[in-house]
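Enquirer: Got a structure for you, questions after.
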Amino acid sequence: MFTWNFQYMSRSRLAETFDQLMLTGQKGSVLIRIHSSIHNKDDAVELARFIKGIMPEAKIFGTSTSAVINWGKLTQNQCVISITQMQEGRIETAMIPTLDENGDPVDTDDLCAKIKNDLIEEDTKLLLTFSTKKFLDIYNFVDKSNTYYPEVQMIGGLADTPEDLYGFLFDETGAYEDAILLAAFSGKELETTVSYASGVEVVGDEEEITDCYGPFILGINGEGATKRHKLILEDVNSKFKNLFPFVYSDAPGIPFYLSYGKDKSLSDLFPFEKEYIRRSLSKTGNADIDKKGNYIYANHYVIPGKKLSRAFIYDRKIISDNRTLFQTVENFEKAETLFGYTCVVRSTIYSNCVKWELSAYENCNICGCVTAGEITNCNGRNTFANCTFSLAVMGEEKSTQEFNPYAFSRSDSLAEDNMELLEYLMGIEGELASFEEESSVNSIRKFINDCEIKLLYADKEDVFNEAALIMDMKTKGYDRICYINVFNVSDMKTVFSSREVQITRNSLINKCINYVRKRHYRLYILDEWLFAIGAPSHIVSLNSFVTHMEELQKILFETSKETIAVVPGFCVMDGCTIDNINSVYAAARIEMGQKNIQFYISDAENDKIDEEKIREYYRMVNVINYAIAHDQIIPYFQGIYDNKTKSIHHYESLMRLKDETGRVYNPASFLDTARSFGLLYDNISMIMIKKVFEKFKNVKNKSVSINLGLRDIKNRKMVEFIYDFLRSAEHPENFVFEILENEDVDDYNALIKFVDTIHNLGGKISIDDFGSGYSNLQHIVNIHSDFLKIDGSIVRNCCDNKDSENLIALISGWKKVSSKNIKIVAEFVENEQIQDKLLCYSIDYSQGYLFSKPMPFTEEMIND
């Protein structure tokens, strides 16, 4: 299976693209999806006919939309074209009318039967399905599909438009509003899965629809529907109304929306003047359509006897659902093609929600559009939904996509609306006092309280979260805050089992809970391993608060046989406000990292914050994440000159990053930032090593050196990767691992084990930056190294500083009297004067701009 997506620019460019792709229907079925937010009906049909003329064998599948999804990006005012060609499988399409020749709605059973007869085969796996907002029986139709073709998963939705219209479907035969457009994917080797993310959680009590008419819900639990739901639906703040959907009990993860009409008749709210509407509703019962009143209604025909509940969409559930969806897609073995559809309502629930969700797939061939409602698969059943992000992944052969899991580390923007939302919910609580109906008030109050708890408490623990901290700072004067952070968690997860890690975290949280209760403080869980303790300054003095935090730190240091020893960093911040706490903590964290301290006190009111430094720090985090996601980690190579043969002996690999503007960054600008985040460093280091190995794996006559820090050596995954590579390498002796001498060594056994293993596998070891650290002699005595590289600060000053020259002389003299077979390398050789000085002391190799500048890989490097 092959899929390629591109933005439509012009017909001439389109024809060129098809020529370049060299597609032919003789190789396998071809589906061409067109999702357009820029074409009207006539223009859309002309485009479909133009494409059909270029490739007559292709099946055309077109929908209108308000925005398109292309390679993980959401864009308005565009048309996206996606070409999918099967290898052995088959694609069949059909445009099936939803009205018969008399203008009457086609029964949903008849629709499903026709689809089964015309499209479904024994090995049909996926049914891409679109209709328009005119098809009000969409819910019933999708639900019945589970009976007619239960083994076939469905994805799709209702065509959306930039304007408030019905939307339309199109192919080369025309454009349609009263139809269903389908594409059936079949094949023995074809595998597919459909899943979704909604962020919805049931909060209210289960209720039963006892009276309805078409899309109107007239009775719930035997009484008037509006009586029970008026306050939530009437005059709700438009910014938040979509956070309070309903769900059917048989699909609790799938939201749908009810609207409220006040002092209206059914005919005011619904287009009863249209003949097909009247005929369709005649099958659902009778009602006085001109009677004025208050009504609630859905965007689909509802069914009496269905049970529903109020629900709530909130940031942590959105994140949780998307992680689950991502894992489903990432673990799918035949991920050759991704279809993605998201609801137009979804962009209103949280700021940047849709763009954030899509960013995990920004390097994938995902293509789709915004819909007015989705068709997805929930727990093995196809269902119609509102406000979901739905994905189908499929393929005929094993394949992977370049996913971007780092998107999930940038979810802060989803919580930005929570404060205003909490205030809104509290406002509703205040309004409840004016309601006379006690049973309805109690039901609504419970619903509101449950929603507030979702916003204020952390997952799985009965502890406040970041939203609660912000609320306490804003309304209760909490301005004395201590952040508690456990660093290097990735190291801990590498060495210990998940059970041991979880026991340690639970122990840490329980100790904090018990302590804050005793001191009458509040504990907040901000992230998995980041906690906060807060109190108002008028309740406790700064000295007492600091003393208590020091006491708690000692308690957390204590370990048992079941827990892992951790060293949490404590940052006490005084005078905090909502506006300054993030910048104060960011500055404090940088300071703590640079000074390697675990307890820090910051006066937010008086300490001057270097905002430029903080801004640059987080800009560099974004650069690193961009480089990882867009394959912009680039190995540069600098030649190392053999002073005897007068030629380049080998190369040192040097990491560079490139940002979206093309600017190249050297390690001095990003390594410290990456190390402070741990995982970022692990990722760029692993990518760098893989790329260097790939460049030199088949080289016979040139070796390459790779820099490793102690963190790398303690990273079990990385070390095993290096060992596995050397075991299979044709010339393992060509790979030199430079150990950074300027890093403090806290685990000499791990270092010695690594060095010995590298030698046993045929590789070589170099001690880098010799002379810059504190344990040089121990390194020389205990580490079996093949190269010793003198630190550049010594070499650079050897002509002007006698002490630097004496150090070079000392190293050279030691080599002569030593029994070790070791070569000396001098780096930062920038001019002839330095080179002459080094030759006086018989230095083996010279490295620097005098001989070679760092540059990207070229074939000449290994062929000279």
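Chains: A, B, ... in order of the structure tokens. Residues: from 1 per chain. Ligands: from 1, in order shown.
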Residues within 7 Å of Ser249 in chain A, please, as a list in words. Count only C-alpha atoms; anything in the same chain fewer than 3 positions from it doesn't count.
Expert: Pro252, Lys307, Leu308 and Ser309 of chain A
Enquirer: Please provide the set of residues having any atom within 6 Å of range 464-481 of chain A, restricted to only C-alpha atoms, with same-chain residues fewer than 4 positions apart removed, written as a VMD selection string.
Expert: chain A and resid 456 to 458 524 to 526 533 to 537 572 to 576
Enquirer: Could those residues be written to a file, using N, CA, C and O atoms, as an mmCIF file, in the first residue's frame?
Expert:
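After the write, again.cif holds the following:
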```cif
data_model
loop_
_atom_site.group_PDB
_atom_site.id
_atom_site.type_symbol
_atom_site.label_atom_id
_atom_site.label_comp_id
_atom_site.auth_asym_id
_atom_site.auth_seq_id
_atom_site.Cartn_x
_atom_site.Cartn_y
_atom_site.Cartn_z
ATOM 1 N N LEU A 456 -9.753 20.005 39.753
ATOM 2 C CA LEU A 456 -8.936 20.404 40.901
ATOM 3 C C LEU A 456 -8.067 19.286 41.467
ATOM 4 O O LEU A 456 -7.121 19.565 42.198
ATOM 5 N N TYR A 457 -8.357 18.038 41.134
ATOM 6 C CA TYR A 457 -7.618 16.938 41.728
ATOM 7 C C TYR A 457 -6.801 16.204 40.687
ATOM 8 O O TYR A 457 -7.200 16.081 39.529
ATOM 9 N N ALA A 458 -5.651 15.680 41.130
ATOM 10 C CA ALA A 458 -4.773 14.920 40.240
ATOM 11 C C ALA A 458 -5.369 13.542 39.989
ATOM 12 O O ALA A 458 -6.170 13.030 40.778
ATOM 13 N N TYR A 524 0.113 19.773 46.258
ATOM 14 C CA TYR A 524 -0.402 19.753 44.889
ATOM 15 C C TYR A 524 0.500 18.865 44.032
ATOM 16 O O TYR A 524 1.730 18.933 44.153
ATOM 17 N N ILE A 525 -0.095 18.056 43.191
ATOM 18 C CA ILE A 525 0.676 17.270 42.228
ATOM 19 C C ILE A 525 0.602 17.999 40.886
ATOM 20 O O ILE A 525 -0.475 18.116 40.285
ATOM 21 N N LEU A 526 1.738 18.488 40.413
ATOM 22 C CA LEU A 526 1.795 19.264 39.182
ATOM 23 C C LEU A 526 2.145 18.399 37.979
ATOM 24 O O LEU A 526 1.740 18.690 36.858
ATOM 25 N N ILE A 533 4.066 22.485 47.573
ATOM 26 C CA ILE A 533 3.454 22.697 48.889
ATOM 27 C C ILE A 533 3.267 24.191 49.049
ATOM 28 O O ILE A 533 4.185 24.978 48.765
ATOM 29 N N GLY A 534 2.076 24.608 49.455
ATOM 30 C CA GLY A 534 1.790 26.026 49.529
ATOM 31 C C GLY A 534 1.159 26.453 50.840
ATOM 32 O O GLY A 534 0.534 25.654 51.541
ATOM 33 N N ALA A 535 1.319 27.741 51.115
ATOM 34 C CA ALA A 535 0.713 28.342 52.303
ATOM 35 C C ALA A 535 0.690 29.859 52.113
ATOM 36 O O ALA A 535 1.539 30.411 51.402
ATOM 37 N N PRO A 536 -0.257 30.544 52.731
ATOM 38 C CA PRO A 536 -0.247 32.017 52.676
ATOM 39 C C PRO A 536 0.818 32.570 53.621
ATOM 40 O O PRO A 536 1.064 32.012 54.695
ATOM 41 N N SER A 537 1.443 33.669 53.231
ATOM 42 C CA SER A 537 2.512 34.243 54.051
ATOM 43 C C SER A 537 1.987 34.793 55.374
ATOM 44 O O SER A 537 2.758 34.921 56.336
ATOM 45 N N VAL A 572 12.128 26.749 47.386
ATOM 46 C CA VAL A 572 11.186 27.565 48.141
ATOM 47 C C VAL A 572 11.113 28.942 47.477
ATOM 48 O O VAL A 572 12.127 29.605 47.274
ATOM 49 N N MET A 573 9.890 29.351 47.115
ATOM 50 C CA MET A 573 9.689 30.639 46.448
ATOM 51 C C MET A 573 8.759 31.492 47.287
ATOM 52 O O MET A 573 7.639 31.079 47.608
ATOM 53 N N ASP A 574 9.225 32.674 47.642
ATOM 54 C CA ASP A 574 8.457 33.582 48.488
ATOM 55 C C ASP A 574 7.947 34.752 47.658
ATOM 56 O O ASP A 574 8.643 35.263 46.788
ATOM 57 N N GLY A 575 6.729 35.168 47.940
ATOM 58 C CA GLY A 575 6.157 36.291 47.201
ATOM 59 C C GLY A 575 5.656 35.903 45.827
ATOM 60 O O GLY A 575 5.669 36.710 44.893
ATOM 61 N N CYS A 576 5.181 34.660 45.684
ATOM 62 C CA CYS A 576 4.753 34.172 44.380
ATOM 63 C C CYS A 576 3.396 34.754 43.979
ATOM 64 O O CYS A 576 2.526 34.995 44.825
#
```
Enquirer: Please return as a PyMOL selection string: the residues of range 93-166 of chain A that backbone DSSP assigns to strand (DSSP E).
Expert: chain A and resi 93-97+124-131+153-159
Enquirer: In Å, rounded to a single decimal, give me how far CA of Tyr196 in chain A is from CA of Thr93 in chain A.
Expert: 24.0 Å
Enquirer: I'd like the neighbourhood of Leu158 in chain A as a list of chain:residue names, where a residue qualifies if any of its atoms comes within 6 Å (using only C-alpha atoms), though same-chain residues fewer than 3 positions away should be ignored.
Expert: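 Using only C-alpha atoms, the neighbours found are A:Phe130, A:Ser131, A:Thr132, A:Thr371, A:Ala372, A:Gly373.
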